[in-house]
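The structure file final_14.pdb is reproduced below (PDB, C-alpha atoms).
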ATOM      1  CA  MET X   1     -36.746  15.361   4.220  1.00  0.00           C
ATOM      2  CA  ALA X   2     -35.261  16.704   1.007  1.00  0.00           C
ATOM      3  CA  ALA X   3     -36.082  20.145  -0.318  1.00  0.00           C
ATOM      4  CA  ARG X   4     -38.603  20.354  -3.125  1.00  0.00           C
ATOM      5  CA  LEU X   5     -36.032  21.807  -5.454  1.00  0.00           C
ATOM      6  CA  ASN X   6     -32.275  22.389  -5.494  1.00  0.00           C
ATOM      7  CA  LEU X   7     -31.821  25.895  -6.867  1.00  0.00           C
ATOM      8  CA  PHE X   8     -28.158  25.076  -7.509  1.00  0.00           C
ATOM      9  CA  GLY X   9     -28.858  21.670  -9.079  1.00  0.00           C
ATOM     10  CA  ASN X  10     -28.072  22.793 -12.607  1.00  0.00           C
ATOM     11  CA  PRO X  11     -25.217  25.348 -12.365  1.00  0.00           C
ATOM     12  CA  THR X  12     -25.926  26.654 -15.873  1.00  0.00           C
ATOM     13  CA  ALA X  13     -29.621  27.327 -15.150  1.00  0.00           C
ATOM     14  CA  THR X  14     -30.788  30.907 -14.817  1.00  0.00           C
ATOM     15  CA  ALA X  15     -31.981  30.393 -11.223  1.00  0.00           C
ATOM     16  CA  ALA X  16     -28.638  28.913 -10.154  1.00  0.00           C
ATOM     17  CA  LYS X  17     -26.781  31.859 -11.675  1.00  0.00           C
ATOM     18  CA  ALA X  18     -29.070  34.331  -9.917  1.00  0.00           C
ATOM     19  CA  ALA X  19     -28.823  32.479  -6.582  1.00  0.00           C
ATOM     20  CA  LYS X  20     -25.039  32.575  -6.886  1.00  0.00           C
ATOM     21  CA  HIS X  21     -25.234  36.379  -7.196  1.00  0.00           C
ATOM     22  CA  PHE X  22     -27.295  36.515  -3.983  1.00  0.00           C
ATOM     23  CA  GLY X  23     -24.573  34.523  -2.238  1.00  0.00           C
ATOM     24  CA  THR X  24     -21.824  36.754  -3.579  1.00  0.00           C
ATOM     25  CA  ALA X  25     -23.668  39.907  -2.530  1.00  0.00           C
ATOM     26  CA  SER X  26     -24.253  38.508   0.964  1.00  0.00           C
ATOM     27  CA  ARG X  27     -20.602  37.496   1.351  1.00  0.00           C
ATOM     28  CA  THR X  28     -19.520  40.986   0.277  1.00  0.00           C
ATOM     29  CA  ILE X  29     -21.534  42.559   3.102  1.00  0.00           C
ATOM     30  CA  LEU X  30     -20.585  39.907   5.662  1.00  0.00           C
ATOM     31  CA  GLU X  31     -16.867  40.146   4.883  1.00  0.00           C
ATOM     32  CA  GLU X  32     -16.370  43.821   4.042  1.00  0.00           C
ATOM     33  CA  SER X  33     -18.848  45.775   6.153  1.00  0.00           C
ATOM     34  CA  THR X  34     -17.695  47.629   9.252  1.00  0.00           C
ATOM     35  CA  VAL X  35     -20.922  46.631  10.990  1.00  0.00           C
ATOM     36  CA  PRO X  36     -19.626  44.264  13.686  1.00  0.00           C
ATOM     37  CA  ALA X  37     -19.736  40.619  12.601  1.00  0.00           C
ATOM     38  CA  ALA X  38     -21.671  39.669  15.734  1.00  0.00           C
ATOM     39  CA  THR X  39     -24.357  42.241  14.905  1.00  0.00           C
ATOM     40  CA  GLN X  40     -24.607  40.961  11.344  1.00  0.00           C
ATOM     41  CA  LYS X  41     -25.118  37.405  12.553  1.00  0.00           C
ATOM     42  CA  LEU X  42     -27.764  38.489  15.055  1.00  0.00           C
ATOM     43  CA  VAL X  43     -29.621  40.443  12.355  1.00  0.00           C
ATOM     44  CA  VAL X  44     -29.714  37.594   9.838  1.00  0.00           C
ATOM     45  CA  LEU X  45     -30.637  35.125  12.563  1.00  0.00           C
ATOM     46  CA  ARG X  46     -33.546  37.282  13.710  1.00  0.00           C
ATOM     47  CA  ALA X  47     -34.878  37.852  10.193  1.00  0.00           C
ATOM     48  CA  SER X  48     -34.610  34.120   9.499  1.00  0.00           C
ATOM     49  CA  GLN X  49     -36.556  33.323  12.672  1.00  0.00           C
ATOM     50  CA  ILE X  50     -39.313  35.760  11.746  1.00  0.00           C
ATOM     51  CA  ASN X  51     -39.545  34.320   8.243  1.00  0.00           C
ATOM     52  CA  GLY X  52     -39.786  30.740   9.503  1.00  0.00           C
ATOM     53  CA  ASP X  53     -36.678  29.695   7.593  1.00  0.00           C
ATOM     54  CA  GLY X  54     -35.475  26.657   9.520  1.00  0.00           C
ATOM     55  CA  TYR X  55     -32.441  26.197   7.289  1.00  0.00           C
ATOM     56  CA  ALA X  56     -31.120  29.762   7.714  1.00  0.00           C
ATOM     57  CA  THR X  57     -31.972  29.776  11.423  1.00  0.00           C
ATOM     58  CA  ASP X  58     -29.905  26.607  11.751  1.00  0.00           C
ATOM     59  CA  VAL X  59     -27.043  28.081   9.705  1.00  0.00           C
ATOM     60  CA  TRP X  60     -26.884  31.446  11.443  1.00  0.00           C
ATOM     61  CA  SER X  61     -27.296  30.160  14.989  1.00  0.00           C
ATOM     62  CA  LYS X  62     -24.504  27.635  14.402  1.00  0.00           C
ATOM     63  CA  ASN X  63     -22.306  30.186  12.621  1.00  0.00           C
ATOM     64  CA  ALA X  64     -22.758  32.576  15.538  1.00  0.00           C
ATOM     65  CA  ALA X  65     -21.823  29.875  18.042  1.00  0.00           C
ATOM     66  CA  HIS X  66     -18.850  28.834  15.909  1.00  0.00           C
ATOM     67  CA  ALA X  67     -17.680  32.485  15.896  1.00  0.00           C
ATOM     68  CA  GLY X  68     -17.778  32.541  19.700  1.00  0.00           C
ATOM     69  CA  GLU X  69     -21.218  33.997  20.347  1.00  0.00           C
ATOM     70  CA  SER X  70     -22.656  32.855  23.675  1.00  0.00           C
ATOM     71  CA  ALA X  71     -25.546  30.412  23.819  1.00  0.00           C
ATOM     72  CA  THR X  72     -27.419  32.920  25.960  1.00  0.00           C
ATOM     73  CA  ARG X  73     -27.313  35.638  23.298  1.00  0.00           C
ATOM     74  CA  ILE X  74     -28.158  33.220  20.477  1.00  0.00           C
ATOM     75  CA  ASN X  75     -31.110  31.833  22.423  1.00  0.00           C
ATOM     76  CA  LEU X  76     -32.385  35.289  23.348  1.00  0.00           C
ATOM     77  CA  VAL X  77     -32.318  36.839  19.861  1.00  0.00           C
ATOM     78  CA  ALA X  78     -36.037  36.125  19.440  1.00  0.00           C
ATOM     79  CA  ALA X  79     -36.699  37.942  22.726  1.00  0.00           C
ATOM     80  CA  TRP X  80     -34.121  40.712  22.383  1.00  0.00           C
ATOM     81  CA  ARG X  81     -36.540  43.391  23.634  1.00  0.00           C
ATOM     82  CA  GLU X  82     -37.003  41.475  26.896  1.00  0.00           C
ATOM     83  CA  SER X  83     -33.283  40.721  27.304  1.00  0.00           C
ATOM     84  CA  THR X  84     -30.346  42.509  28.882  1.00  0.00           C
ATOM     85  CA  VAL X  85     -27.555  40.857  26.878  1.00  0.00           C
ATOM     86  CA  PHE X  86     -27.569  43.070  23.787  1.00  0.00           C
ATOM     87  CA  THR X  87     -25.897  46.450  23.352  1.00  0.00           C
ATOM     88  CA  GLU X  88     -27.918  49.510  22.388  1.00  0.00           C
ATOM     89  CA  ALA X  89     -26.351  49.381  18.908  1.00  0.00           C
ATOM     90  CA  GLU X  90     -27.320  45.713  18.500  1.00  0.00           C
ATOM     91  CA  ARG X  91     -30.832  46.468  19.713  1.00  0.00           C
ATOM     92  CA  ALA X  92     -31.129  49.280  17.146  1.00  0.00           C
ATOM     93  CA  ALA X  93     -29.984  46.942  14.350  1.00  0.00           C
ATOM     94  CA  LEU X  94     -32.352  44.189  15.507  1.00  0.00           C
ATOM     95  CA  ARG X  95     -35.265  46.639  15.527  1.00  0.00           C
ATOM     96  CA  VAL X  96     -34.536  47.772  11.963  1.00  0.00           C
ATOM     97  CA  ALA X  97     -34.189  44.121  10.937  1.00  0.00           C
ATOM     98  CA  GLU X  98     -37.534  43.218  12.503  1.00  0.00           C
ATOM     99  CA  GLU X  99     -39.403  46.181  11.084  1.00  0.00           C
ATOM    100  CA  GLY X 100     -37.769  45.704   7.678  1.00  0.00           C
ATOM    101  CA  THR X 101     -38.675  42.021   7.706  1.00  0.00           C
ATOM    102  CA  ARG X 102     -42.249  42.553   8.905  1.00  0.00           C
ATOM    103  CA  ILE X 103     -43.111  45.087   6.200  1.00  0.00           C
ATOM    104  CA  ALA X 104     -46.574  43.650   5.613  1.00  0.00           C
ATOM    105  CA  ASP X 105     -47.225  43.315   9.351  1.00  0.00           C
ATOM    106  CA  ALA X 106     -45.790  46.673  10.361  1.00  0.00           C
ATOM    107  CA  GLY X 107     -47.797  48.632   7.823  1.00  0.00           C
ATOM    108  CA  GLY X 108     -45.233  51.270   7.062  1.00  0.00           C
ATOM    109  CA  GLY X 109     -42.036  49.284   7.281  1.00  0.00           C
ATOM    110  CA  VAL X 110     -39.180  50.741   9.301  1.00  0.00           C
ATOM    111  CA  THR X 111     -40.434  53.581  11.475  1.00  0.00           C
ATOM    112  CA  ALA X 112     -38.737  56.965  11.621  1.00  0.00           C
ATOM    113  CA  GLU X 113     -38.001  56.309  15.292  1.00  0.00           C
ATOM    114  CA  ALA X 114     -36.282  52.989  14.577  1.00  0.00           C
ATOM    115  CA  TRP X 115     -34.234  54.553  11.786  1.00  0.00           C
ATOM    116  CA  ALA X 116     -33.191  57.543  13.891  1.00  0.00           C
ATOM    117  CA  ASN X 117     -32.153  55.212  16.708  1.00  0.00           C
ATOM    118  CA  ALA X 118     -30.049  53.123  14.315  1.00  0.00           C
ATOM    119  CA  ALA X 119     -28.487  56.295  12.876  1.00  0.00           C
ATOM    120  CA  GLU X 120     -27.229  57.143  16.374  1.00  0.00           C
ATOM    121  CA  HIS X 121     -25.115  53.965  16.296  1.00  0.00           C
ATOM    122  CA  TYR X 122     -24.205  53.456  12.646  1.00  0.00           C
ATOM    123  CA  ASP X 123     -22.846  55.752   9.924  1.00  0.00           C
ATOM    124  CA  GLU X 124     -24.433  55.965   6.469  1.00  0.00           C
ATOM    125  CA  ASP X 125     -22.242  53.246   4.985  1.00  0.00           C
ATOM    126  CA  GLN X 126     -23.084  50.913   7.845  1.00  0.00           C
ATOM    127  CA  LEU X 127     -26.786  51.713   7.547  1.00  0.00           C
ATOM    128  CA  SER X 128     -26.556  50.963   3.814  1.00  0.00           C
ATOM    129  CA  ASP X 129     -24.871  47.664   4.640  1.00  0.00           C
ATOM    130  CA  LEU X 130     -27.618  46.808   7.120  1.00  0.00           C
ATOM    131  CA  VAL X 131     -30.309  47.589   4.548  1.00  0.00           C
ATOM    132  CA  MET X 132     -28.622  45.344   1.978  1.00  0.00           C
ATOM    133  CA  LEU X 133     -28.037  42.568   4.515  1.00  0.00           C
ATOM    134  CA  ILE X 134     -31.659  42.639   5.673  1.00  0.00           C
ATOM    135  CA  ALA X 135     -32.975  42.689   2.106  1.00  0.00           C
ATOM    136  CA  LEU X 136     -30.679  39.850   1.033  1.00  0.00           C
ATOM    137  CA  ILE X 137     -31.515  37.585   3.985  1.00  0.00           C
ATOM    138  CA  ASN X 138     -35.222  38.199   3.479  1.00  0.00           C
ATOM    139  CA  ALA X 139     -34.967  37.196  -0.184  1.00  0.00           C
ATOM    140  CA  THR X 140     -32.835  34.189   0.718  1.00  0.00           C
ATOM    141  CA  ASN X 141     -35.292  33.162   3.452  1.00  0.00           C
ATOM    142  CA  ARG X 142     -38.156  33.291   1.008  1.00  0.00           C
ATOM    143  CA  MET X 143     -36.317  31.094  -1.496  1.00  0.00           C
ATOM    144  CA  ALA X 144     -35.582  28.500   1.215  1.00  0.00           C
ATOM    145  CA  VAL X 145     -39.146  28.519   2.545  1.00  0.00           C
ATOM    146  CA  ILE X 146     -40.646  28.181  -0.950  1.00  0.00           C
ATOM    147  CA  VAL X 147     -38.506  25.129  -1.763  1.00  0.00           C
ATOM    148  CA  ASP X 148     -38.976  23.731   1.772  1.00  0.00           C
ATOM    149  CA  GLN X 149     -35.280  23.662   2.668  1.00  0.00           C
ATOM    150  CA  ARG X 150     -35.153  22.238   6.197  1.00  0.00           C
ATOM    151  CA  GLY X 151     -32.738  23.023   9.002  1.00  0.00           C
ATOM    152  CA  GLY X 152     -30.808  20.745  11.297  1.00  0.00           C
ATOM    153  CA  GLU X 153     -28.016  19.246   9.228  1.00  0.00           C
ATOM    154  CA  TYR X 154     -25.735  22.283   8.744  1.00  0.00           C
ATOM    155  CA  GLN X 155     -22.216  22.142  10.161  1.00  0.00           C
ATOM    156  CA  PRO X 156     -20.033  25.279  10.215  1.00  0.00           C
ATOM    157  CA  ALA X 157     -16.817  25.095   8.235  1.00  0.00           C
TER
END

Final C-alpha cells representation of the file:
Amino acid sequence: MAARLNLFGNPTATAAKAAKHFGTASRTILEESTVPAATQKLVVLRASQINGDGYATDVWSKNAAHAGESATRINLVAAWRESTVFTEAERAALRVAEEGTRIADAGGGVTAEAWANAAEHYDEDQLSDLVMLIALINATNRMAVIVDQRGGEYQPA
C-alpha cells in the first residue's frame, strides 16, 4: 500500500525543504552525539513503537540489527521495564523517551524523577541531544502516521 502523500515528491516544495531539515537535524544528533549509538537507536525505536509508526519501527529495528544489536534487545524494547537486557543508562534514556513521547498521556510530561535519573547517566550535552532526538523522532513519526507511510520494505544500507 502506497503512502497517501510523498513529502519529498516535489523537492522544491516547502514541505520537502522542511522535511529535509528534519532529516539533517536527526543525522547531526545520530552522527555527532556522544550518547551511545545503541542507546539512540533504542530511544527512536521505542518512541516509534509508542506512536504507531510502522515505517520508523521497521527502519529503526532493522538499523539496530544491522549495527549489531541483538534480536533479544530489539524485541524487548517495548517491554524494557520487564527486561534484564538493558543497562541502567539505557533504561533512564528509554524512560525519558517514553515520558517525552506520551506527553498527553503522562499529564506532566517527563517527571522530575525520570529526569534526575537520566542526569545521573548523561551530561548536559547528552541530555540536550536526547531531548532533540526524542522531539525529532516524535515529529517524524507524526508525519509518517499522517501520510500513512507503512513499514516492512526498508532495507538498511

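Separating CA of Gln49 (chain X) from CA of Asn141 (chain X) is a distance of 9.3 Å.
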
Quiz item: Given the file above and the PyMOL selection byres ((chain X and resi 126) around 12), which residues are selected, and can you give them as a PyMOL selection string?
Solution: chain X and resi 29-30+32-37+39-40+89+93+118-125+127-133

Take the residues from that selection and write them out as a compact mmCIF listing (two decimals), keeping the file's coordinate frame, keeping C-alpha atoms.
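Output below, filename again36.txt:
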# COMPACT_ATOMS: atom_id res chain seq x y z
CA ILE X 29 -21.53 42.56 3.10
CA LEU X 30 -20.58 39.91 5.66
CA GLU X 32 -16.37 43.82 4.04
CA SER X 33 -18.85 45.78 6.15
CA THR X 34 -17.70 47.63 9.25
CA VAL X 35 -20.92 46.63 10.99
CA PRO X 36 -19.63 44.26 13.69
CA ALA X 37 -19.74 40.62 12.60
CA THR X 39 -24.36 42.24 14.90
CA GLN X 40 -24.61 40.96 11.34
CA ALA X 89 -26.35 49.38 18.91
CA ALA X 93 -29.98 46.94 14.35
CA ALA X 118 -30.05 53.12 14.32
CA ALA X 119 -28.49 56.30 12.88
CA GLU X 120 -27.23 57.14 16.37
CA HIS X 121 -25.12 53.96 16.30
CA TYR X 122 -24.20 53.46 12.65
CA ASP X 123 -22.85 55.75 9.92
CA GLU X 124 -24.43 55.96 6.47
CA ASP X 125 -22.24 53.25 4.99
CA LEU X 127 -26.79 51.71 7.55
CA SER X 128 -26.56 50.96 3.81
CA ASP X 129 -24.87 47.66 4.64
CA LEU X 130 -27.62 46.81 7.12
CA VAL X 131 -30.31 47.59 4.55
CA MET X 132 -28.62 45.34 1.98
CA LEU X 133 -28.04 42.57 4.51

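For the atom pair formed by CA of Gly54 (chain X) and CA of Glu153 (chain X), the distance is 10.5 Å, given to one decimal.
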
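Once the PyMOL selection byres ((chain X and resi 156) around 8) is applied to the depicted file, the selected set reads Val59, Lys62, Asn63, His66, Tyr154, Gln155 and Ala157 of chain X.
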
Quiz prompt | Result set, the PyMOL selection byres ((chain X and resi 7-22) around 9) on current file, as a list in words | solution = Leu5, Asn6, Gly23, Thr24, Ala25, Ser26, Arg27, Leu136, Ala139, Thr140, Met143 and Val147 of chain X

Exercise. Name all residues at most 7 Å from Thr101 (chain X) (count all atoms listed in the file; drop same-chain ones fewer than 4 positions away) and give them as a count of residues only.
Key: 3

Practice problem: Can you work out the spacing between CA of Ser83 (chain X) and CA of Val145 (chain X) in Å, to one decimal? | Solution: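 Separation between CA of Ser83 (chain X) and CA of Val145 (chain X): 28.2 Å.
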
Self-check item: Residues within 9 Å of Ser48 (chain X), all atoms listed in the file, excluding chain neighbours under 2 positions, as a ChimeraX atom specification
Solution: /X:43-46,50-57,60,137-138,140-141

Exercise. Using only C-alpha atoms, find the one residue out of X:Leu42, X:Ile146, X:Ala114, X:Ala64 that sits nearest to Ala78 (chain X).
Key: X:Leu42

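Residue nearest Ala135 (chain X), chosen from X:Gly100, X:Gly152, X:Trp115, X:Val85 and counting all atoms listed in the file: X:Gly100.
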
Around all listed atoms of region 106-125 of chain X, padded 4 Å per side, what centre and edge lengths does the axis-aligned box have in Å to one decimal, as JSON?
{"center_x": -35.0, "center_y": 52.1, "center_z": 10.8, "size_x": 33.6, "size_y": 18.9, "size_z": 19.7}
